[in-house]
>>> print(open('start-v3.tsv').read())   # TSV, C-alpha atoms and all ligand atoms
chain	number	residue	atom	x	y	z
A	1	MET	CA	-52.75	105.23	138.35
A	2	PRO	CA	-51.37	102.95	141.13
A	3	GLU	CA	-47.74	101.72	141.20
A	4	PHE	CA	-47.35	98.49	139.26
A	5	GLN	CA	-44.71	95.76	139.57
A	6	ASP	CA	-45.44	93.39	136.68
A	7	ILE	CA	-46.87	95.76	134.09
A	8	THR	CA	-46.31	99.28	132.82
A	9	VAL	CA	-48.95	101.71	131.59
A	10	GLU	CA	-48.25	104.66	129.34
A	11	THR	CA	-51.02	107.00	128.23
A	12	ARG	CA	-50.27	109.37	125.38
A	13	ASP	CA	-52.34	111.11	122.69
A	14	GLY	CA	-55.50	109.22	123.60
A	15	VAL	CA	-53.90	105.76	123.62
A	16	ALA	CA	-53.24	103.72	126.76
A	17	ARG	CA	-50.47	101.20	126.21
A	18	ILE	CA	-50.47	98.38	128.78
A	19	THR	CA	-47.31	96.26	128.73
A	20	ILE	CA	-46.72	92.98	130.55
A	21	ALA	CA	-43.19	93.64	131.80
A	22	ARG	CA	-41.71	90.26	132.70
A	23	PRO	CA	-39.44	89.63	129.69
A	24	ASP	CA	-37.21	87.19	131.62
A	25	LYS	CA	-40.31	84.96	131.98
A	26	TYR	CA	-41.38	85.51	128.38
A	27	ASN	CA	-44.06	87.80	129.83
A	28	ALA	CA	-45.83	84.94	131.58
A	29	PHE	CA	-48.30	86.21	134.17
A	30	ARG	CA	-48.40	85.41	137.86
A	31	ALA	CA	-51.32	86.40	140.12
A	32	GLU	CA	-49.93	89.91	140.70
A	33	ALA	CA	-49.72	90.58	136.97
A	34	VAL	CA	-53.33	89.53	136.40
A	35	GLU	CA	-54.53	91.79	139.23
A	36	GLU	CA	-52.52	94.69	137.82
A	37	LEU	CA	-53.85	94.11	134.30
A	38	ILE	CA	-57.43	94.15	135.62
A	39	ALA	CA	-56.73	97.44	137.43
A	40	ALA	CA	-55.05	99.01	134.39
A	41	PHE	CA	-57.82	97.99	131.97
A	42	THR	CA	-60.45	99.27	134.40
A	43	ALA	CA	-58.69	102.65	134.74
A	44	ALA	CA	-57.99	103.10	131.01
A	45	GLY	CA	-61.42	101.76	130.07
A	46	TRP	CA	-63.26	104.53	131.89
A	47	ASP	CA	-60.76	107.33	131.26
A	48	ARG	CA	-62.58	109.63	128.86
A	49	ALA	CA	-59.28	110.89	127.48
A	50	VAL	CA	-58.44	107.37	126.22
A	51	GLY	CA	-59.87	106.24	122.89
A	52	ALA	CA	-57.95	103.01	122.30
A	53	ILE	CA	-56.05	100.55	124.48
A	54	VAL	CA	-52.99	98.61	123.29
A	55	LEU	CA	-51.92	95.42	125.08
A	56	THR	CA	-48.39	94.15	124.51
A	57	GLY	CA	-45.38	92.44	126.07
A	58	ALA	CA	-41.99	93.86	126.95
A	59	GLY	CA	-38.96	93.02	124.84
A	60	ASP	CA	-38.62	91.32	121.49
A	61	LYS	CA	-39.23	87.67	122.41
A	62	ALA	CA	-42.76	87.40	123.71
A	63	PHE	CA	-46.17	89.01	123.78
A	64	CYS	CA	-47.25	86.68	126.60
A	65	THR	CA	-46.79	82.96	127.30
A	66	GLY	CA	-49.68	82.52	129.73
A	67	GLY	CA	-49.54	81.40	133.34
A	68	ASP	CA	-46.11	81.57	134.98
A	69	GLN	CA	-45.18	77.93	135.36
A	70	SER	CA	-42.41	78.74	137.82
A	71	SER	CA	-44.96	80.26	140.22
A	72	HIS	CA	-47.23	77.26	140.74
A	73	GLU	CA	-47.75	73.59	141.36
A	74	GLY	CA	-51.49	72.96	141.24
A	75	GLY	CA	-53.25	76.33	141.80
A	76	TYR	CA	-51.44	79.64	141.19
A	77	GLY	CA	-51.80	80.96	144.77
A	78	GLY	CA	-53.68	84.20	144.06
A	79	ARG	CA	-57.35	85.15	144.11
A	80	GLY	CA	-60.12	83.29	142.27
A	81	THR	CA	-60.96	79.69	141.47
A	82	ILE	CA	-57.52	78.71	140.14
A	83	GLY	CA	-55.52	81.37	141.98
A	84	LEU	CA	-55.43	83.62	138.89
A	85	PRO	CA	-58.59	85.68	138.22
A	86	LEU	CA	-58.25	85.17	134.48
A	87	GLU	CA	-61.98	85.11	133.82
A	88	GLU	CA	-62.11	88.65	135.27
A	89	LEU	CA	-59.25	89.76	133.01
A	90	HIS	CA	-60.94	88.35	129.90
A	91	THR	CA	-64.20	89.99	130.98
A	92	ILE	CA	-62.68	93.45	131.50
A	93	ILE	CA	-60.99	93.36	128.07
A	94	ARG	CA	-64.44	92.71	126.61
A	95	ASP	CA	-66.24	95.18	128.89
A	96	VAL	CA	-64.10	98.29	128.41
A	97	PRO	CA	-66.14	100.46	126.02
A	98	LYS	CA	-63.31	101.06	123.54
A	99	PRO	CA	-61.27	98.99	121.10
A	100	VAL	CA	-58.44	96.91	122.60
A	101	ILE	CA	-55.60	96.10	120.19
A	102	ALA	CA	-53.13	93.27	120.82
A	103	ARG	CA	-49.67	94.37	119.67
A	104	VAL	CA	-48.19	90.91	119.16
A	105	ASN	CA	-44.43	91.31	119.29
A	106	GLY	CA	-43.39	87.65	119.77
A	107	PHE	CA	-44.66	84.39	121.31
A	108	ALA	CA	-48.42	84.43	121.99
A	109	ILE	CA	-48.70	81.04	123.63
A	110	GLY	CA	-51.15	79.49	126.14
A	111	GLY	CA	-52.89	82.27	128.07
A	112	GLY	CA	-51.10	84.78	125.80
A	113	ASN	CA	-52.93	83.30	122.85
A	114	VAL	CA	-56.18	83.62	124.80
A	115	LEU	CA	-55.46	87.33	125.36
A	116	VAL	CA	-54.98	87.83	121.61
A	117	THR	CA	-58.30	86.03	121.09
A	118	CYS	CA	-60.08	88.29	123.59
A	119	CYS	CA	-58.70	91.57	122.22
A	120	ASP	CA	-60.90	93.31	119.64
A	121	LEU	CA	-58.10	93.61	117.10
A	122	ALA	CA	-54.60	92.15	116.76
A	123	ILE	CA	-51.59	93.38	114.83
A	124	ALA	CA	-48.62	91.04	114.69
A	125	SER	CA	-44.92	91.31	114.00
A	126	ASP	CA	-43.75	88.90	111.31
A	127	ARG	CA	-41.71	87.29	114.10
A	128	ALA	CA	-44.76	86.46	116.24
A	129	VAL	CA	-45.52	82.81	117.00
A	130	PHE	CA	-48.93	81.57	118.09
A	131	GLY	CA	-50.21	78.42	119.70
A	132	GLN	CA	-51.74	76.53	122.58
A	133	VAL	CA	-49.91	74.43	125.14
A	134	GLY	CA	-52.67	73.64	127.67
A	135	PRO	CA	-52.92	69.90	126.94
A	136	LYS	CA	-49.10	69.68	127.04
A	137	VAL	CA	-48.90	71.23	130.50
A	138	GLY	CA	-52.08	69.88	132.11
A	139	SER	CA	-54.32	72.89	131.66
A	140	VAL	CA	-57.07	74.33	129.49
A	141	ASP	CA	-58.88	77.63	129.15
A	142	PRO	CA	-62.50	76.45	129.29
A	143	GLY	CA	-64.10	79.71	128.13
A	144	PHE	CA	-63.03	82.42	125.71
A	145	GLY	CA	-59.76	80.62	124.88
A	146	THR	CA	-61.66	77.64	123.45
A	147	ALA	CA	-65.32	78.43	122.75
A	148	TYR	CA	-64.71	82.01	121.57
A	149	LEU	CA	-61.56	80.99	119.67
A	150	ALA	CA	-63.83	78.72	117.60
A	151	ARG	CA	-65.91	81.75	116.64
A	152	VAL	CA	-62.78	83.65	115.64
A	153	VAL	CA	-60.93	80.99	113.62
A	154	GLY	CA	-63.69	78.42	113.01
A	155	GLU	CA	-64.50	75.15	114.78
A	156	LYS	CA	-62.06	72.88	112.94
A	157	LYS	CA	-59.08	75.22	113.29
A	158	ALA	CA	-59.79	75.87	116.98
A	159	ARG	CA	-59.91	72.14	117.68
A	160	GLU	CA	-56.67	71.64	115.73
A	161	ILE	CA	-55.01	74.38	117.81
A	162	TRP	CA	-56.02	72.74	121.10
A	163	PHE	CA	-55.80	69.06	120.13
A	164	LEU	CA	-52.34	69.21	118.51
A	165	CYS	CA	-50.64	72.10	120.33
A	166	ARG	CA	-48.72	73.16	117.22
A	167	ARG	CA	-47.03	76.50	116.73
A	168	TYR	CA	-48.24	78.87	113.99
A	169	THR	CA	-46.49	81.69	112.17
A	170	ALA	CA	-47.90	85.21	111.97
A	171	ALA	CA	-48.85	84.57	108.34
A	172	GLN	CA	-50.82	81.48	109.38
A	173	ALA	CA	-52.49	83.47	112.18
A	174	LEU	CA	-53.54	86.06	109.59
A	175	GLU	CA	-54.90	83.39	107.28
A	176	MET	CA	-57.00	81.83	110.04
A	177	GLY	CA	-58.35	85.24	111.18
A	178	LEU	CA	-56.65	85.32	114.57
A	179	VAL	CA	-54.91	88.61	113.70
A	180	ASN	CA	-55.93	91.55	111.51
A	181	ALA	CA	-52.54	92.41	110.06
A	182	VAL	CA	-48.91	91.28	109.96
A	183	VAL	CA	-46.07	93.74	109.45
A	184	PRO	CA	-42.27	93.58	109.51
A	185	HIS	CA	-41.11	93.60	113.13
A	186	ASP	CA	-39.59	97.08	112.90
A	187	ALA	CA	-42.83	98.52	111.50
A	188	LEU	CA	-45.02	97.18	114.32
A	189	ASP	CA	-45.25	100.38	116.37
A	190	ALA	CA	-45.94	102.56	113.34
A	191	GLU	CA	-48.72	100.21	112.20
A	192	VAL	CA	-50.31	100.08	115.67
A	193	ALA	CA	-50.12	103.89	115.86
A	194	ARG	CA	-51.83	104.15	112.46
A	195	TRP	CA	-54.71	101.93	113.55
A	196	CYS	CA	-55.10	103.89	116.82
A	197	GLU	CA	-55.11	107.18	114.93
A	198	GLU	CA	-57.93	105.96	112.68
A	199	ILE	CA	-59.91	104.77	115.70
A	200	LEU	CA	-59.40	108.05	117.55
A	201	ALA	CA	-60.95	109.97	114.66
A	202	LEU	CA	-64.25	108.09	115.06
A	203	SER	CA	-67.25	108.57	117.35
A	204	PRO	CA	-66.38	106.96	120.72
A	205	THR	CA	-70.02	106.27	121.51
A	206	ALA	CA	-70.62	104.55	118.18
A	207	LEU	CA	-67.52	102.41	118.76
A	208	ALA	CA	-68.65	101.53	122.30
A	209	LEU	CA	-72.08	100.53	121.02
A	210	ALA	CA	-70.57	98.46	118.21
A	211	LYS	CA	-68.25	96.67	120.65
A	212	ARG	CA	-71.13	95.86	123.00
A	213	ALA	CA	-73.23	94.63	120.06
A	214	PHE	CA	-70.40	92.34	118.88
A	215	ASN	CA	-69.95	91.04	122.43
A	216	ALA	CA	-73.63	90.38	123.08
A	217	ASP	CA	-73.68	87.38	120.79
A	218	SER	CA	-70.84	85.56	122.61
A	219	GLU	CA	-71.77	86.65	126.13
A	220	SER	CA	-72.93	83.18	127.17
A	221	ILE	CA	-69.28	82.09	126.99
A	222	ARG	CA	-68.69	84.11	130.17
A	223	GLY	CA	-70.95	81.64	132.03
A	224	ILE	CA	-69.22	78.66	130.42
A	225	SER	CA	-65.89	80.14	131.53
A	226	ALA	CA	-67.00	80.53	135.16
A	227	LEU	CA	-68.28	76.97	135.23
A	228	GLY	CA	-65.19	75.62	133.51
A	229	MET	CA	-62.87	77.40	135.95
A	230	GLN	CA	-64.37	75.34	138.76
A	231	ALA	CA	-63.48	72.18	136.84
A	232	VAL	CA	-59.96	73.42	136.04
A	233	GLY	CA	-59.47	74.18	139.76
A	234	LEU	CA	-60.16	70.51	140.51
A	235	PHE	CA	-58.05	69.37	137.53
A	236	TYR	CA	-55.02	71.27	138.90
A	237	GLU	CA	-55.12	69.08	142.02
A	238	THR	CA	-54.65	65.90	139.96
A	239	GLU	CA	-51.40	64.05	139.26
A	240	GLU	CA	-52.10	64.38	135.51
A	241	SER	CA	-52.10	68.18	135.62
A	242	LYS	CA	-49.13	68.34	138.00
A	243	GLU	CA	-47.16	66.07	135.64
A	244	GLY	CA	-47.67	68.61	132.84
A	245	VAL	CA	-46.28	71.47	134.94
A	246	ALA	CA	-43.38	69.35	136.22
A	247	ALA	CA	-42.46	68.24	132.69
A	248	PHE	CA	-42.33	71.88	131.48
A	249	LYS	CA	-40.15	72.91	134.40
A	250	GLU	CA	-37.85	69.91	133.94
A	251	LYS	CA	-37.71	70.50	130.16
A	252	ARG	CA	-38.87	66.98	129.33
A	253	LYS	CA	-41.84	65.33	127.62
A	254	PRO	CA	-44.81	64.77	129.94
A	255	ARG	CA	-45.79	61.19	130.81
A	256	PHE	CA	-49.59	61.40	130.95
A	257	ARG	CA	-50.24	57.69	130.37
A	301	LIG	C1	-42.91	80.16	124.67
A	301	LIG	C2	-42.27	78.83	124.33
A	301	LIG	C3	-42.99	78.20	123.14
A	301	LIG	C4	-40.80	79.11	123.97
A	301	LIG	O1	-40.17	77.92	123.69
A	301	LIG	P1	-38.59	77.88	123.47
A	301	LIG	O2	-38.24	76.45	123.25
A	301	LIG	O3	-38.21	78.87	122.44
A	301	LIG	O4	-37.95	78.45	124.85
A	301	LIG	P2	-38.06	77.86	126.32
A	301	LIG	O5	-39.21	76.93	126.47
A	301	LIG	O6	-36.73	77.38	126.71
A	301	LIG	O7	-38.45	79.20	127.13
A	301	LIG	C5	-37.52	80.25	127.30
A	301	LIG	C6	-37.50	80.69	128.75
A	301	LIG	O8	-38.78	81.27	129.09
A	301	LIG	C7	-39.37	80.57	130.18
A	301	LIG	N1	-40.82	80.56	130.01
A	301	LIG	C8	-41.51	80.52	128.87
A	301	LIG	N2	-42.81	80.47	129.11
A	301	LIG	C9	-42.95	80.48	130.45
A	301	LIG	C10	-44.08	80.43	131.33
A	301	LIG	N3	-45.35	80.40	130.86
A	301	LIG	N4	-43.83	80.43	132.66
A	301	LIG	C11	-42.59	80.50	133.14
A	301	LIG	N5	-41.46	80.54	132.37
A	301	LIG	C12	-41.66	80.54	131.05
A	301	LIG	C13	-38.78	79.16	130.07
A	301	LIG	O9	-38.87	78.47	131.28
A	301	LIG	C14	-37.34	79.50	129.68
A	301	LIG	O10	-36.64	79.95	130.83
A	301	LIG	P3	-35.16	79.43	131.15
A	301	LIG	O11	-34.79	80.14	132.41
A	301	LIG	O12	-35.28	77.94	131.34
A	301	LIG	O13	-34.34	79.79	129.97
A	301	LIG	C15	-42.31	77.86	125.53
A	301	LIG	O14	-41.52	78.37	126.59
A	301	LIG	C16	-43.70	77.62	126.03
A	301	LIG	O15	-44.40	76.79	125.50
A	301	LIG	N6	-44.12	78.36	127.06
A	301	LIG	C17	-45.48	78.32	127.57
A	301	LIG	C18	-45.51	77.52	128.84
A	301	LIG	C19	-46.83	77.37	129.47
A	301	LIG	O16	-47.05	76.30	129.98
A	301	LIG	N7	-47.73	78.38	129.60
A	301	LIG	C20	-48.90	78.35	130.47
A	301	LIG	C21	-50.05	77.55	129.87
A	301	LIG	S1	-51.48	77.49	130.87
A	301	LIG	C22	-52.21	79.03	130.64
A	301	LIG	O17	-51.57	79.92	130.17
A	301	LIG	C23	-53.65	79.26	130.98
A	301	LIG	C24	-54.28	80.29	130.32
A	301	LIG	C25	-55.60	80.56	130.55
A	301	LIG	O18	-56.19	81.55	129.92
A	301	LIG	C26	-56.36	79.78	131.46
A	301	LIG	C27	-57.70	80.04	131.73
A	301	LIG	C28	-58.39	79.24	132.58
A	301	LIG	C29	-57.79	78.19	133.21
A	301	LIG	C30	-56.45	77.93	132.99
A	301	LIG	C31	-55.71	78.73	132.10
A	301	LIG	C32	-54.34	78.48	131.85
A	301	LIG	O19	-53.73	77.47	132.48
>>> encode(input="start-v3.tsv", output="structure tokens")
Amino acid sequence: MPEFQDITVETRDGVARITIARPDKYNAFRAEAVEELIAAFTAAGWDRAVGAIVLTGAGDKAFCTGGDQSSHEGGYGGRGTIGLPLEELHTIIRDVPKPVIARVNGFAIGGGNVLVTCCDLAIASDRAVFGQVGPKVGSVDPGFGTAYLARVVGEKKAREIWFLCRRYTAAQALEMGLVNAVVPHDALDAEVARWCEEILALSPTALALAKRAFNADSESIRGISALGMQAVGLFYETEESKEGVAAFKEKRKPRFR
């Protein structure tokens, strides 16, 4: 496994735990983090000794709060259409032939919420908070974070999440089907371990086939995502989008109109 700066990877007893390790930024990702996540998922995904992958964030505050707003004005400066190869990250989470569990230990906001959506399963602490902020900060995930979210929580709820940018409790996330279980914060690791143990007892090939069968039905969203990224790249160059980022950084309300 290569040396990582923004993430950590721990593989033990058949479980690879990938942690976004930027707690001072509420585990927001910059370009380096996205590249490292892609590399870690690729390695764990094809490691025959690994039967389940857990994605989480470091510390007690956040799972992930999406793109690092302090690292960009317009594009994010890395590889890909918007300077963050997010469509590749979402794709690899779906393509690894084993279950990926989001261990949601705190805020799952913006791109963090999209990661929860993309993971096969999600187990949340009762302190977790969910929501979208794209339209507040001049951005949108035009693929799995919108179109696939609608499949997960239903059309009306997905539109509410994006059109109002509210925050939701873990209990509300459970009710809408965004997570599979909610447990007291201190019981999160034990619960995630229990789910992994059950998965590890099952046929890996049957699980891989089931995952691919589930994915097949929503595969067209990958194309929508690629197309939408081109549009978001252009959107980031506009004053409207830049106003959203500036308002977040200056801790004020955006003036879009
Ligand atoms: C997470 C919050 C709801 C917390 O709010 P709260 O009021 O409790 O605390 P603060 O706002 O003061 O935050 C504390 C501290 O953390 C820093 N921080 C939080 N999030 C980020 C971040 N994303 N980047 C950088 N820094 C962050 C914050 O600045 C504070 O630091 P101090 O030093 O000032 O103390 C709230 O913070 C929040 O809403 N955060 C999310 C901000 C955000 O805009 N996220 C990115 C959205 S865009 C995105 O993620 C995205 C995802 C995709 O999948 C895409 C796909 C395709 C195209 C585009 C995509 C895209 O843009």
>>> closest_residue(input="start-v3.tsv", among="A:Gly145, A:Asp60, A:Ser218, A:Gly51", to="A:Ala201", atoms="all atoms listed in the file")
A:Gly51
>>> closest_atom_pairs(input="start-v3.tsv", of="stretch 104-221 of chain A", to="stretch 244-252 of chain A", cutoff="9 Å", atoms="only C-alpha atoms", output="tab-separated table")
residue	atom	partner	partner_atom	distance
A:Gly134	CA	A:Gly244	CA	8.8
A:Pro135	CA	A:Gly244	CA	8.0
A:Lys136	CA	A:Gly244	CA	6.1
A:Val137	CA	A:Gly244	CA	3.7
A:Gly138	CA	A:Gly244	CA	4.6
A:Ser139	CA	A:Gly244	CA	8.0
>>> residues_near_ligand(input="start-v3.tsv", ligand="ligand LIG 301 (chain A)", cutoff="7 Å", atoms="all atoms listed in the file", output="MDAnalysis selection string")
chainID A and resid 24:26 28 65:70 82 86:87 107 109:112 114 133:134 137 139:142 145 229 232 245 248:249
>>> residues_around(input="start-v3.tsv", residues="A:Lys98", least_positions_apart="4", cutoff="8 Å", atoms="all atoms listed in the file", output="PyMOL selection string")
chain A and resi 45+51-53+204+207-208+211
>>> closest_atom_pairs(input="start-v3.tsv", of="stretch 86-115 of chain A", to="stretch 159-180 of chain A", cutoff="10 Å", atoms="only C-alpha atoms", output="JSON lines")
{"residue": "A:Ile101", "atom": "CA", "partner": "A:Asn180", "partner_atom": "CA", "distance": 9.8}
{"residue": "A:Ala102", "atom": "CA", "partner": "A:Val179", "partner_atom": "CA", "distance": 8.7}
{"residue": "A:Arg103", "atom": "CA", "partner": "A:Val179", "partner_atom": "CA", "distance": 9.8}
{"residue": "A:Val104", "atom": "CA", "partner": "A:Val179", "partner_atom": "CA", "distance": 9.0}
{"residue": "A:Gly106", "atom": "CA", "partner": "A:Ala170", "partner_atom": "CA", "distance": 9.3}
{"residue": "A:Phe107", "atom": "CA", "partner": "A:Arg167", "partner_atom": "CA", "distance": 9.4}
{"residue": "A:Ala108", "atom": "CA", "partner": "A:Arg167", "partner_atom": "CA", "distance": 9.6}
{"residue": "A:Ile109", "atom": "CA", "partner": "A:Arg167", "partner_atom": "CA", "distance": 8.4}
{"residue": "A:Gly110", "atom": "CA", "partner": "A:Cys165", "partner_atom": "CA", "distance": 9.4}
{"residue": "A:Asn113", "atom": "CA", "partner": "A:Leu178", "partner_atom": "CA", "distance": 9.3}
>>> write_last_selection(input="start-v3.tsv", atoms="C-alpha atoms", output="tab-separated table (two decimals), in the frame of the given file")
chain	number	residue	atom	x	y	z
A	101	ILE	CA	-55.60	96.10	120.19
A	102	ALA	CA	-53.13	93.27	120.82
A	103	ARG	CA	-49.67	94.37	119.67
A	104	VAL	CA	-48.19	90.91	119.16
A	106	GLY	CA	-43.39	87.65	119.77
A	107	PHE	CA	-44.66	84.39	121.31
A	108	ALA	CA	-48.42	84.43	121.99
A	109	ILE	CA	-48.70	81.04	123.63
A	110	GLY	CA	-51.15	79.49	126.14
A	113	ASN	CA	-52.93	83.30	122.85
>>> closest_residue(input="start-v3.tsv", among="A:Ser71, A:Asp95, A:Glu3, A:Gly59", to="A:Ala210", atoms="all atoms listed in the file")
A:Asp95
>>> atom_distance(input="start-v3.tsv", atom1="atom CA of A:Arg79", atom2="atom CA of A:Tyr148")
23.9 Å
>>> closest_residue(input="start-v3.tsv", among="A:Val183, A:Ala43, A:Gly131, A:Phe214", to="A:Ala158", atoms="only C-alpha atoms")
A:Gly131
>>> closest_residue(input="start-v3.tsv", among="A:Ala122, A:Ala44, A:Val152, A:Ala190", to="A:Thr56", atoms="all atoms listed in the file")
A:Ala122
>>> atom_distance(input="start-v3.tsv", atom1="atom CA of A:Glu191", atom2="atom CA of A:Lys157")
27.1 Å
>>> atom_distance(input="start-v3.tsv", atom1="atom CA of A:Gln132", atom2="atom CA of A:Leu115")
11.8 Å
>>> closest_residue(input="start-v3.tsv", among="A:Leu188, A:Val15, A:Val50, A:Ala39", to="A:Pro85", atoms="only C-alpha atoms")
A:Ala39
>>> closest_residue(input="start-v3.tsv", among="A:Glu219, A:Asp47, A:Asp126, A:Glu32", to="A:His90", atoms="only C-alpha atoms")
A:Glu219
>>> residues_around(input="start-v3.tsv", residues="A:Ile18", least_positions_apart="5", cutoff="9 Å", atoms="only C-alpha atoms", output="VMD selection string")
chain A and resid 7 to 11 37 40 to 41 53 to 57
>>> residues_around(input="start-v3.tsv", residues="A:Arg257", least_positions_apart="5", cutoff="12 Å", atoms="all atoms listed in the file", output="number ranges by chain")
A: 239-241, 243-244
>>> decode(input="start-v3.tsv", residues="stretch 165-181 of chain A", atoms="N, CA and C atoms", output="PDB file, in the first residue's frame")
ATOM      1  N   CYS A 165     -31.783  22.286   1.162  1.00  0.00           N
ATOM      2  CA  CYS A 165     -30.487  22.223   1.878  1.00  0.00           C
ATOM      3  C   CYS A 165     -30.668  22.213   3.401  1.00  0.00           C
ATOM      4  N   ARG A 166     -31.603  21.405   3.873  1.00  0.00           N
ATOM      5  CA  ARG A 166     -31.792  21.268   5.327  1.00  0.00           C
ATOM      6  C   ARG A 166     -30.803  20.252   5.888  1.00  0.00           C
ATOM      7  N   ARG A 167     -30.703  20.236   7.209  1.00  0.00           N
ATOM      8  CA  ARG A 167     -29.928  19.179   7.868  1.00  0.00           C
ATOM      9  C   ARG A 167     -30.887  18.139   8.434  1.00  0.00           C
ATOM     10  N   TYR A 168     -30.464  16.880   8.451  1.00  0.00           N
ATOM     11  CA  TYR A 168     -31.307  15.775   8.921  1.00  0.00           C
ATOM     12  C   TYR A 168     -30.573  14.982   9.998  1.00  0.00           C
ATOM     13  N   THR A 169     -31.330  14.541  10.986  1.00  0.00           N
ATOM     14  CA  THR A 169     -30.749  13.713  12.052  1.00  0.00           C
ATOM     15  C   THR A 169     -30.529  12.283  11.535  1.00  0.00           C
ATOM     16  N   ALA A 170     -29.800  11.509  12.327  1.00  0.00           N
ATOM     17  CA  ALA A 170     -29.581  10.103  11.966  1.00  0.00           C
ATOM     18  C   ALA A 170     -30.916   9.354  11.924  1.00  0.00           C
ATOM     19  N   ALA A 171     -31.798   9.671  12.850  1.00  0.00           N
ATOM     20  CA  ALA A 171     -33.106   8.994  12.869  1.00  0.00           C
ATOM     21  C   ALA A 171     -33.882   9.309  11.584  1.00  0.00           C
ATOM     22  N   GLN A 172     -33.810  10.557  11.138  1.00  0.00           N
ATOM     23  CA  GLN A 172     -34.498  10.917   9.887  1.00  0.00           C
ATOM     24  C   GLN A 172     -33.851  10.212   8.687  1.00  0.00           C
ATOM     25  N   ALA A 173     -32.513  10.096   8.732  1.00  0.00           N
ATOM     26  CA  ALA A 173     -31.810   9.406   7.635  1.00  0.00           C
ATOM     27  C   ALA A 173     -32.235   7.939   7.578  1.00  0.00           C
ATOM     28  N   LEU A 174     -32.447   7.350   8.757  1.00  0.00           N
ATOM     29  CA  LEU A 174     -32.895   5.947   8.810  1.00  0.00           C
ATOM     30  C   LEU A 174     -34.307   5.827   8.234  1.00  0.00           C
ATOM     31  N   GLU A 175     -35.143   6.759   8.622  1.00  0.00           N
ATOM     32  CA  GLU A 175     -36.536   6.731   8.157  1.00  0.00           C
ATOM     33  C   GLU A 175     -36.622   6.869   6.632  1.00  0.00           C
ATOM     34  N   MET A 176     -35.738   7.692   6.056  1.00  0.00           N
ATOM     35  CA  MET A 176     -35.820   7.898   4.603  1.00  0.00           C
ATOM     36  C   MET A 176     -35.045   6.823   3.817  1.00  0.00           C
ATOM     37  N   GLY A 177     -34.329   5.937   4.532  1.00  0.00           N
ATOM     38  CA  GLY A 177     -33.626   4.843   3.853  1.00  0.00           C
ATOM     39  C   GLY A 177     -32.218   5.190   3.409  1.00  0.00           C
ATOM     40  N   LEU A 178     -31.691   6.315   3.906  1.00  0.00           N
ATOM     41  CA  LEU A 178     -30.326   6.686   3.529  1.00  0.00           C
ATOM     42  C   LEU A 178     -29.292   5.883   4.310  1.00  0.00           C
ATOM     43  N   VAL A 179     -29.674   5.408   5.517  1.00  0.00           N
ATOM     44  CA  VAL A 179     -28.774   4.543   6.288  1.00  0.00           C
ATOM     45  C   VAL A 179     -29.532   3.275   6.683  1.00  0.00           C
ATOM     46  N   ASN A 180     -28.755   2.235   7.007  1.00  0.00           N
ATOM     47  CA  ASN A 180     -29.366   0.950   7.373  1.00  0.00           C
ATOM     48  C   ASN A 180     -29.638   0.819   8.856  1.00  0.00           C
ATOM     49  N   ALA A 181     -28.813   1.517   9.669  1.00  0.00           N
ATOM     50  CA  ALA A 181     -28.969   1.386  11.122  1.00  0.00           C
ATOM     51  C   ALA A 181     -28.390   2.615  11.803  1.00  0.00           C
TER      52      ALA A 181
END
